[in-house]
Amino acid sequence: MKLIITGGAGFIGSALVRTVLASTDWQVVNVDKLTYAGNLDSLVSVASDPHYKFAQLDICDGPGLEALLEAERPDAIMHLAAESHVDRSIDGPSAFIETNVVGTFNLLEKALAYWRSLPAGTRDRFRFHHVSTDEVYGSLGPQGLFREDTPYRPNSPYSASKAASDHLVRAWYHTYGFPALISNCSNNYGPFQFPEKLVPLNILRGLEGRPMPVYGKGENVRDWLYVEDHARALLTVLEGGRLGEVYNVGGNTERRNIDVVNAICDLLDEMLPGSAHRPHRQLISFVADRPGHDLRYAIDSTKLQMELGWRPRENFETGLKKTVNWYLDNRMWWEKILSGRYRTERLGMSV
Ligand SMILES: NC(=O)c1ccc[n+]([C@@H]2O[C@H](COP(=O)([O-])OP(=O)(O)OC[C@H]3O[C@@H](n4cnc5c(N)ncnc54)[C@H](O)[C@@H]3O)[C@@H](O)[C@H]2O)c1
């Protein structure tokens with residue numbers, strides 16, 4: 001079995017690459033453009049694995065993709081490459097349209113031609129798994145959960161671009177019989193996450209004794225999922241999911257942003273008893289809300305659990321503890337990022 005993973009140098013992609021190599025005997029080809037979010041340091045542990053290969057490629061590069069598919073002849077493609085940060089999509093939506101919409105279209109075109117060229121047996125086994133987000137469903141009020149049949153109502157340039165890509169994948173299945181699956185997942189957290197997102201940003205700000213930003217009043221609710229649980233869910237969907245189906249992936253772990261940041265502060269207090277910044281909660285700083293900030297996301301993942309037997313292994317407390325520990329133990333990984341262009345500044349104010 002040979003798997004192409006696009007976006008394998010990103011946060012979830014690198015967790016997936018590590019999970020596949022640790023739990024199967026498959027060959028993995030990681031196809032990644034290495035944008036600001038792509039980081040080969042996240043793959044040091046597998047870099048010399050003979051089952052692993054890296055190809056630097058933009059999914060918008062048609063001839064490049066065609067040549068890659070011809071040379072590698074994969075049995076499945078898992079598509080994670082994307083621009084993924086909502087705040088950046090507010091400041092600069094065009095990269096999101098380019099990669100998430102045009103790039104996905106391009107990949108579908110090349111993958112369809114490749115799939116059609118396969119001999120019958122191999123063609124029947126081929127899978128294209130598109131990895132997406134629960135943000136395509138829009139915002140929930142205080143009640144209710146996103147199900148696979150919840151209507152799409154994306155509210156940010158990021159979620160609109162992911163919604164468009166989901167629709168393209170769906171259309172390729174229905175129109176061409178292209179063997180595609182889609183999964184929509186809630187917010188991930190865990191090791192190797194670029195420090196612009198809520199959890200790592202606040203861990204690093206807390207460590208440095210700098211203000212820990214919380215948007216608005218911190219009332220926005222997300223359903224948090226530990227990244228390794230997501231990686232296992234993706235493998236489960238690839239191996240057992242029904243073609244043309246959508247599977248929602250969630251941690252059953254709703255938390256308000258302020259609860260997440262308070263929990264980070266308490267873990268830092270506990271793990272750094274000698275820190276001059278204790279209690280870390282004093283660093284919390286409420287800042288202007290994100291424009292159009294969705295109030296609440298929560299996932300009903302009954303279908304994935306009942307049909308394919310997947311369950312998250314971490315709860316929020318165990319997962320967050322592992323995550324904070326990881327950032328304390330892996331300074332080199334994030335210090336290298338912070339010494340580059342990104343310095344944890346505020347993004348997404350649309351100015
Ligand atoms: N992070 C989350 O909480 C979350 C939740 C649900 C779904 N998702 C989806 O999962 C996928 C992975 O998310 P992530 O958090 O790991 O993102 P990430 O930003 O950490 O990584 C994205 C990766 O894609 C690569 N990439 C970007 N543009 C590319 C292009 N044009 N060609 C090739 N590679 C390109 C980047 O270099 C990077 O390695 C995305 O599709 C995202 O929409 C993320």
# chains A, B, ... in the order shown; residues from 1 in each chain; ligands from 1
call {"tool": "residues_around", "arguments": {"residues": "region 74-88 of chain A", "least_positions_apart": "2", "cutoff": "7 Å", "atoms": "only C-alpha atoms", "output": "list in words"}}
result
Met1, Lys2, Leu3, Ile4, Ile5, Thr6, Gly7, Gly13, Asp32, Leu69, Glu72, Ile90, Asp91, Gly92, Phe96, Thr99, Asn100, Phe126, Arg127, Phe128, His129, His130, Val131, Ser156, Tyr158, Leu347 and Gly348 of chain A
call {"tool": "select_by_dssp", "arguments": {"residues": "region 111-321 of chain A", "states": "strand (DSSP E)", "output": "PyMOL selection string"}}
result
chain A and resi 127-133+180-185+188-189+212-215+221-223+225-226+246-249+254-256+284-287
call {"tool": "residues_around", "arguments": {"residues": "region 174-181 of chain A", "least_positions_apart": "2", "cutoff": "10 Å", "atoms": "only C-alpha atoms", "output": "PDB file with N, CA and C atoms, in the first residue's frame"}}
result
ATOM      1  N   ALA A  76      -3.806   5.325  -2.487  1.00  0.00           N
ATOM      2  CA  ALA A  76      -4.759   6.249  -1.851  1.00  0.00           C
ATOM      3  C   ALA A  76      -4.101   7.617  -1.695  1.00  0.00           C
ATOM      4  N   ILE A  77      -4.967   8.643  -1.660  1.00  0.00           N
ATOM      5  CA  ILE A  77      -4.496  10.009  -1.400  1.00  0.00           C
ATOM      6  C   ILE A  77      -5.287  10.551  -0.215  1.00  0.00           C
ATOM      7  N   MET A  78      -4.580  11.068   0.765  1.00  0.00           N
ATOM      8  CA  MET A  78      -5.267  11.763   1.860  1.00  0.00           C
ATOM      9  C   MET A  78      -4.895  13.235   1.726  1.00  0.00           C
ATOM     10  N   LEU A 108      -7.982  17.073  -7.703  1.00  0.00           N
ATOM     11  CA  LEU A 108      -9.072  16.178  -8.130  1.00  0.00           C
ATOM     12  C   LEU A 108      -8.942  15.837  -9.618  1.00  0.00           C
ATOM     13  N   ALA A 111      -5.951  13.509 -10.022  1.00  0.00           N
ATOM     14  CA  ALA A 111      -6.193  12.212  -9.375  1.00  0.00           C
ATOM     15  C   ALA A 111      -7.241  11.419 -10.159  1.00  0.00           C
ATOM     16  N   LEU A 112      -8.238  12.127 -10.712  1.00  0.00           N
ATOM     17  CA  LEU A 112      -9.255  11.429 -11.509  1.00  0.00           C
ATOM     18  C   LEU A 112      -8.633  10.797 -12.754  1.00  0.00           C
ATOM     19  N   ALA A 113      -7.784  11.553 -13.442  1.00  0.00           N
ATOM     20  CA  ALA A 113      -7.133  11.021 -14.651  1.00  0.00           C
ATOM     21  C   ALA A 113      -6.253   9.823 -14.284  1.00  0.00           C
ATOM     22  N   TRP A 115      -6.601   7.824 -11.643  1.00  0.00           N
ATOM     23  CA  TRP A 115      -7.476   6.722 -11.218  1.00  0.00           C
ATOM     24  C   TRP A 115      -8.062   5.997 -12.436  1.00  0.00           C
ATOM     25  N   ARG A 116      -8.466   6.788 -13.438  1.00  0.00           N
ATOM     26  CA  ARG A 116      -9.045   6.186 -14.639  1.00  0.00           C
ATOM     27  C   ARG A 116      -8.031   5.329 -15.400  1.00  0.00           C
ATOM     28  N   ARG A 123      -7.911  -0.068  -9.420  1.00  0.00           N
ATOM     29  CA  ARG A 123      -8.862   1.046  -9.481  1.00  0.00           C
ATOM     30  C   ARG A 123      -9.957   0.879  -8.421  1.00  0.00           C
ATOM     31  N   ASP A 124     -10.404  -0.346  -8.210  1.00  0.00           N
ATOM     32  CA  ASP A 124     -11.472  -0.582  -7.229  1.00  0.00           C
ATOM     33  C   ASP A 124     -11.018  -0.297  -5.802  1.00  0.00           C
ATOM     34  N   ARG A 125      -9.741  -0.483  -5.554  1.00  0.00           N
ATOM     35  CA  ARG A 125      -9.241  -0.290  -4.183  1.00  0.00           C
ATOM     36  C   ARG A 125      -8.878   1.172  -3.892  1.00  0.00           C
ATOM     37  N   PHE A 126      -8.704   1.971  -4.933  1.00  0.00           N
ATOM     38  CA  PHE A 126      -8.204   3.344  -4.758  1.00  0.00           C
ATOM     39  C   PHE A 126      -9.171   4.193  -3.910  1.00  0.00           C
ATOM     40  N   ARG A 127      -8.612   5.048  -3.063  1.00  0.00           N
ATOM     41  CA  ARG A 127      -9.423   5.949  -2.231  1.00  0.00           C
ATOM     42  C   ARG A 127      -8.839   7.360  -2.267  1.00  0.00           C
ATOM     43  N   PHE A 128      -9.733   8.360  -2.249  1.00  0.00           N
ATOM     44  CA  PHE A 128      -9.330   9.768  -2.092  1.00  0.00           C
ATOM     45  C   PHE A 128     -10.047  10.290  -0.855  1.00  0.00           C
ATOM     46  N   HIS A 129      -9.289  10.612   0.170  1.00  0.00           N
ATOM     47  CA  HIS A 129      -9.890  11.079   1.429  1.00  0.00           C
ATOM     48  C   HIS A 129      -9.612  12.575   1.591  1.00  0.00           C
ATOM     49  N   HIS A 130     -10.677  13.351   1.595  1.00  0.00           N
ATOM     50  CA  HIS A 130     -10.564  14.803   1.733  1.00  0.00           C
ATOM     51  C   HIS A 130     -10.798  15.195   3.199  1.00  0.00           C
ATOM     52  N   VAL A 131      -9.837  15.914   3.756  1.00  0.00           N
ATOM     53  CA  VAL A 131      -9.912  16.251   5.180  1.00  0.00           C
ATOM     54  C   VAL A 131     -10.404  17.687   5.334  1.00  0.00           C
ATOM     55  N   ASP A 166     -15.082  20.939  -0.256  1.00  0.00           N
ATOM     56  CA  ASP A 166     -15.933  19.778   0.074  1.00  0.00           C
ATOM     57  C   ASP A 166     -16.929  19.526  -1.062  1.00  0.00           C
ATOM     58  N   LEU A 168     -16.650  20.344  -4.190  1.00  0.00           N
ATOM     59  CA  LEU A 168     -15.968  19.813  -5.376  1.00  0.00           C
ATOM     60  C   LEU A 168     -15.757  18.306  -5.225  1.00  0.00           C
ATOM     61  N   VAL A 169     -15.292  17.886  -4.057  1.00  0.00           N
ATOM     62  CA  VAL A 169     -15.024  16.454  -3.839  1.00  0.00           C
ATOM     63  C   VAL A 169     -16.325  15.657  -3.980  1.00  0.00           C
ATOM     64  N   ARG A 170     -17.381  16.180  -3.371  1.00  0.00           N
ATOM     65  CA  ARG A 170     -18.685  15.522  -3.460  1.00  0.00           C
ATOM     66  C   ARG A 170     -19.108  15.386  -4.927  1.00  0.00           C
ATOM     67  N   ALA A 171     -18.935  16.467  -5.686  1.00  0.00           N
ATOM     68  CA  ALA A 171     -19.341  16.451  -7.098  1.00  0.00           C
ATOM     69  C   ALA A 171     -18.514  15.449  -7.900  1.00  0.00           C
ATOM     70  N   TRP A 172     -17.243  15.323  -7.581  1.00  0.00           N
ATOM     71  CA  TRP A 172     -16.391  14.364  -8.327  1.00  0.00           C
ATOM     72  C   TRP A 172     -16.840  12.922  -8.044  1.00  0.00           C
ATOM     73  N   SER A 183     -14.091  13.835   5.575  1.00  0.00           N
ATOM     74  CA  SER A 183     -14.317  13.919   7.022  1.00  0.00           C
ATOM     75  C   SER A 183     -14.240  15.381   7.441  1.00  0.00           C
ATOM     76  N   VAL A 237     -11.352   6.094   8.826  1.00  0.00           N
ATOM     77  CA  VAL A 237     -12.264   6.458   7.722  1.00  0.00           C
ATOM     78  C   VAL A 237     -11.689   5.963   6.398  1.00  0.00           C
ATOM     79  N   LEU A 238     -10.394   6.136   6.215  1.00  0.00           N
ATOM     80  CA  LEU A 238      -9.781   5.690   4.951  1.00  0.00           C
ATOM     81  C   LEU A 238      -9.991   4.185   4.755  1.00  0.00           C
ATOM     82  N   GLY A 241     -14.407   3.533   5.735  1.00  0.00           N
ATOM     83  CA  GLY A 241     -15.509   4.428   5.370  1.00  0.00           C
ATOM     84  C   GLY A 241     -16.159   4.029   4.051  1.00  0.00           C
ATOM     85  N   ARG A 242     -17.453   4.336   3.944  1.00  0.00           N
ATOM     86  CA  ARG A 242     -18.177   4.037   2.694  1.00  0.00           C
ATOM     87  C   ARG A 242     -17.960   5.167   1.701  1.00  0.00           C
ATOM     88  N   LEU A 243     -17.744   4.817   0.448  1.00  0.00           N
ATOM     89  CA  LEU A 243     -17.467   5.815  -0.591  1.00  0.00           C
ATOM     90  C   LEU A 243     -18.610   6.813  -0.702  1.00  0.00           C
ATOM     91  N   GLY A 244     -18.233   8.069  -0.912  1.00  0.00           N
ATOM     92  CA  GLY A 244     -19.235   9.127  -1.084  1.00  0.00           C
ATOM     93  C   GLY A 244     -19.807   9.618   0.229  1.00  0.00           C
ATOM     94  N   GLU A 245     -19.390   9.018   1.348  1.00  0.00           N
ATOM     95  CA  GLU A 245     -19.960   9.397   2.644  1.00  0.00           C
ATOM     96  C   GLU A 245     -19.125  10.480   3.329  1.00  0.00           C
ATOM     97  N   VAL A 246     -19.789  11.158   4.259  1.00  0.00           N
ATOM     98  CA  VAL A 246     -19.132  12.168   5.096  1.00  0.00           C
ATOM     99  C   VAL A 246     -19.109  11.635   6.528  1.00  0.00           C
ATOM    100  N   TYR A 247     -17.993  11.815   7.216  1.00  0.00           N
ATOM    101  CA  TYR A 247     -17.883  11.411   8.624  1.00  0.00           C
ATOM    102  C   TYR A 247     -17.448  12.607   9.455  1.00  0.00           C
TER     103      TYR A 247
END
call {"tool": "residues_around", "arguments": {"residues": "Ser139 (chain A)", "least_positions_apart": "4", "cutoff": "6 Å", "atoms": "only C-alpha atoms", "output": "VMD selection string"}}
result
chain A and resid 294 to 296
call {"tool": "write_last_selection", "arguments": {"atoms": "N, CA and C atoms", "output": "compact mmCIF listing (two decimals), in the first residue's frame"}}
result
# COMPACT_ATOMS: atom_id res chain seq x y z
N ASP A 294 -17.56 32.95 14.97
CA ASP A 294 -18.64 31.98 15.22
C ASP A 294 -18.72 31.68 16.71
N LEU A 295 -19.98 31.61 17.23
CA LEU A 295 -20.13 31.45 18.68
C LEU A 295 -19.76 30.04 19.15
N ARG A 296 -20.34 29.04 18.51
CA ARG A 296 -20.16 27.69 19.06
C ARG A 296 -20.10 26.65 17.96
call {"tool": "atom_distance", "arguments": {"atom1": "CA of Leu207 (chain A)", "atom2": "CA of Ile264 (chain A)"}}
result
10.3 Å
call {"tool": "closest_residue", "arguments": {"among": "A:Arg73, A:Lys162, A:Arg346, A:Lys53", "to": "ligand 1", "atoms": "only C-alpha atoms and all ligand atoms"}}
result
A:Lys162
call {"tool": "closest_residue", "arguments": {"among": "A:Ser89, A:Gly8, A:Trp334, A:Val287", "to": "Ala55 (chain A)", "atoms": "only C-alpha atoms"}}
result
A:Gly8
call {"tool": "closest_residue", "arguments": {"among": "A:Pro195, A:Gly218, A:Pro151, A:Gly309", "to": "ligand 1", "atoms": "only C-alpha atoms and all ligand atoms"}}
result
A:Pro195
call {"tool": "residues_around", "arguments": {"residues": "Leu34 (chain A)", "least_positions_apart": "2", "cutoff": "9 Å", "atoms": "only C-alpha atoms", "output": "PDB file with C-alpha atoms, in the first residue's frame"}}
result
ATOM      1  CA  GLY A   7       0.087  18.784   3.715  1.00  0.00           C
ATOM      2  CA  ALA A   9       4.471  18.812   6.986  1.00  0.00           C
ATOM      3  CA  GLY A  10       1.636  20.635   8.764  1.00  0.00           C
ATOM      4  CA  ASP A  32       3.879  19.631   0.770  1.00  0.00           C
ATOM      5  CA  TYR A  36       4.990  29.222   6.654  1.00  0.00           C
ATOM      6  CA  ALA A  37       2.939  26.424   8.325  1.00  0.00           C
ATOM      7  CA  GLY A  38       4.868  23.491   6.845  1.00  0.00           C
ATOM      8  CA  ASN A  39       7.771  22.335   8.971  1.00  0.00           C
ATOM      9  CA  LEU A  40      10.010  19.344   8.296  1.00  0.00           C
ATOM     10  CA  GLN A  56       8.108  19.500  -2.119  1.00  0.00           C
ATOM     11  CA  LEU A  57       5.249  20.442  -4.414  1.00  0.00           C
ATOM     12  CA  ASP A  58       2.422  22.988  -4.658  1.00  0.00           C
TER      13      ASP A  58
END
call {"tool": "select_by_dssp", "arguments": {"residues": "region 79-314 of chain A", "states": "alpha helix (DSSP H)", "output": "ChimeraX atom specification"}}
result
/A:86-91,94-96,104-116,120-125,157-176,198-208,227-240,257-271,302-308
call {"tool": "write_last_selection", "arguments": {"atoms": "C-alpha atoms", "output": "compact mmCIF listing (two decimals), in the first residue's frame"}}
result
# COMPACT_ATOMS: atom_id res chain seq x y z
CA VAL A 86 -9.14 31.78 10.06
CA ASP A 87 -7.38 35.00 11.15
CA ARG A 88 -5.03 34.86 8.15
CA SER A 89 -8.04 34.28 5.87
CA ILE A 90 -9.50 37.57 7.08
CA ASP A 91 -6.29 39.49 6.29
CA SER A 94 -6.70 34.97 -1.86
CA ALA A 95 -4.20 32.31 -0.73
CA PHE A 96 -7.18 30.40 0.72
CA THR A 104 -8.18 20.95 -4.47
CA PHE A 105 -9.78 21.21 -7.92
CA ASN A 106 -6.38 20.68 -9.52
CA LEU A 107 -5.65 17.67 -7.32
CA LEU A 108 -9.07 16.18 -8.13
CA GLU A 109 -8.50 16.63 -11.87
CA LYS A 110 -5.09 14.94 -11.80
CA ALA A 111 -6.19 12.21 -9.38
CA LEU A 112 -9.26 11.43 -11.51
CA ALA A 113 -7.13 11.02 -14.65
CA TYR A 114 -4.66 8.85 -12.73
CA TRP A 115 -7.48 6.72 -11.22
CA ARG A 116 -9.05 6.19 -14.64
CA ALA A 120 -9.47 -2.71 -12.76
CA GLY A 121 -8.39 -4.33 -9.44
CA THR A 122 -6.21 -1.42 -8.34
CA ARG A 123 -8.86 1.05 -9.48
CA ASP A 124 -11.47 -0.58 -7.23
CA ARG A 125 -9.24 -0.29 -4.18
CA PRO A 157 -13.15 33.17 4.11
CA TYR A 158 -11.39 30.05 5.48
CA SER A 159 -14.56 28.05 6.08
CA ALA A 160 -16.07 29.21 2.77
CA SER A 161 -12.97 27.97 0.92
CA LYS A 162 -13.11 24.62 2.72
CA ALA A 163 -16.86 24.36 2.01
CA ALA A 164 -16.13 24.94 -1.68
CA SER A 165 -13.51 22.19 -1.65
CA ASP A 166 -15.93 19.78 0.07
CA HIS A 167 -18.52 20.48 -2.63
CA LEU A 168 -15.97 19.81 -5.38
CA VAL A 169 -15.02 16.45 -3.84
CA ARG A 170 -18.68 15.52 -3.46
CA ALA A 171 -19.34 16.45 -7.10
CA TRP A 172 -16.39 14.36 -8.33
CA TYR A 173 -17.86 11.35 -6.52
CA HIS A 174 -21.38 11.84 -7.87
CA THR A 175 -20.45 12.90 -11.39
CA TYR A 176 -17.43 10.74 -12.18
CA LEU A 198 -5.23 29.44 20.58
CA VAL A 199 -3.62 26.59 22.55
CA PRO A 200 0.08 26.85 21.57
CA LEU A 201 -0.06 30.66 21.36
CA ASN A 202 -1.21 30.90 24.95
CA ILE A 203 1.20 28.25 26.23
CA LEU A 204 4.14 30.19 24.77
CA ARG A 205 2.84 33.58 25.90
CA GLY A 206 2.36 32.17 29.43
CA LEU A 207 5.86 30.69 29.45
CA GLU A 208 7.33 34.04 28.46
CA VAL A 227 -4.51 15.57 17.19
CA GLU A 228 -3.43 11.93 17.53
CA ASP A 229 -7.08 10.92 18.03
CA HIS A 230 -7.84 12.76 14.80
CA ALA A 231 -5.02 10.97 12.97
CA ARG A 232 -6.43 7.59 14.09
CA ALA A 233 -9.91 8.66 13.00
CA LEU A 234 -8.59 9.58 9.54
CA LEU A 235 -7.00 6.16 9.13
CA THR A 236 -10.23 4.53 10.32
CA VAL A 237 -12.26 6.46 7.72
CA LEU A 238 -9.78 5.69 4.95
CA GLU A 239 -9.83 1.97 5.69
CA GLY A 240 -13.49 1.42 6.57
CA ASN A 257 -12.05 29.66 25.01
CA ILE A 258 -11.66 31.21 28.46
CA ASP A 259 -11.89 27.73 30.05
CA VAL A 260 -9.14 26.51 27.70
CA VAL A 261 -6.85 29.41 28.58
CA ASN A 262 -7.58 29.09 32.32
CA ALA A 263 -6.68 25.38 32.11
CA ILE A 264 -3.39 26.25 30.36
CA CYS A 265 -2.60 28.77 33.12
CA ASP A 266 -3.29 26.20 35.85
CA LEU A 267 -1.10 23.60 34.13
CA LEU A 268 1.74 26.12 33.79
CA ASP A 269 1.40 26.96 37.51
CA GLU A 270 1.59 23.25 38.35
CA MET A 271 4.45 22.36 35.99
CA THR A 302 -22.07 9.06 16.41
CA LYS A 303 -21.82 7.89 12.78
CA LEU A 304 -18.03 7.41 12.96
CA GLN A 305 -18.28 5.79 16.38
CA MET A 306 -21.17 3.41 15.55
CA GLU A 307 -20.21 2.54 11.98
CA LEU A 308 -16.44 2.33 12.28
call {"tool": "closest_residue", "arguments": {"among": "A:Ile59, A:Ala22, A:Ala276, A:Ile337", "to": "ligand 1", "atoms": "only C-alpha atoms and all ligand atoms"}}
result
A:Ile59
call {"tool": "closest_residue", "arguments": {"among": "A:Gly62, A:Pro279, A:Gly250, A:Gly103", "to": "Phe146 (chain A)", "atoms": "only C-alpha atoms"}}
result
A:Gly250
call {"tool": "atom_distance", "arguments": {"atom1": "CA of Tyr297 (chain A)", "atom2": "CA of Thr133 (chain A)"}}
result
10.5 Å
call {"tool": "residues_around", "arguments": {"residues": "Asn252 (chain A)", "least_positions_apart": "2", "cutoff": "9 Å", "atoms": "only C-alpha atoms", "output": "list in words"}}
result
Asp223, Trp224, Leu225, Gly250, Glu254, Ala298, Ile299, Asp300, Ser301, Pro312 and Asn315 of chain A
call {"tool": "write_last_selection", "arguments": {"atoms": "N, CA and C atoms", "output": "compact mmCIF listing (two decimals), in the first residue's frame"}}
result
# COMPACT_ATOMS: atom_id res chain seq x y z
N ASP A 223 -15.20 22.40 20.15
CA ASP A 223 -15.21 21.00 20.57
C ASP A 223 -13.79 20.48 20.32
N TRP A 224 -12.97 20.32 21.36
CA TRP A 224 -11.54 20.10 21.19
C TRP A 224 -11.20 18.63 21.00
N LEU A 225 -10.31 18.36 20.05
CA LEU A 225 -9.91 16.98 19.77
C LEU A 225 -8.38 16.89 19.74
N GLY A 250 -15.22 14.40 16.21
CA GLY A 250 -15.19 15.37 17.31
C GLY A 250 -14.78 14.70 18.60
N GLU A 254 -16.62 19.98 24.66
CA GLU A 254 -16.89 21.41 24.46
C GLU A 254 -16.27 22.23 25.58
N ALA A 298 -19.96 22.32 17.77
CA ALA A 298 -19.97 21.06 18.52
C ALA A 298 -20.38 19.95 17.56
N ILE A 299 -19.70 18.84 17.68
CA ILE A 299 -19.83 17.78 16.68
C ILE A 299 -20.56 16.57 17.23
N ASP A 300 -21.45 16.02 16.43
CA ASP A 300 -22.03 14.71 16.73
C ASP A 300 -21.26 13.68 15.90
N SER A 301 -20.39 12.89 16.54
CA SER A 301 -19.60 11.92 15.76
C SER A 301 -20.14 10.50 15.93
N PRO A 312 -12.30 8.66 20.70
CA PRO A 312 -11.10 9.40 21.15
C PRO A 312 -10.51 8.73 22.39
N ASN A 315 -9.09 12.59 26.91
CA ASN A 315 -10.08 13.61 27.24
C ASN A 315 -9.33 14.95 27.29
call {"tool": "closest_residue", "arguments": {"among": "A:Asp149, A:Glu317, A:Glu196, A:Glu66", "to": "ligand 1", "atoms": "only C-alpha atoms and all ligand atoms"}}
result
A:Glu196
call {"tool": "atom_distance", "arguments": {"atom1": "CA of Phe54 (chain A)", "atom2": "CA of Gln27 (chain A)"}}
result
11.2 Å
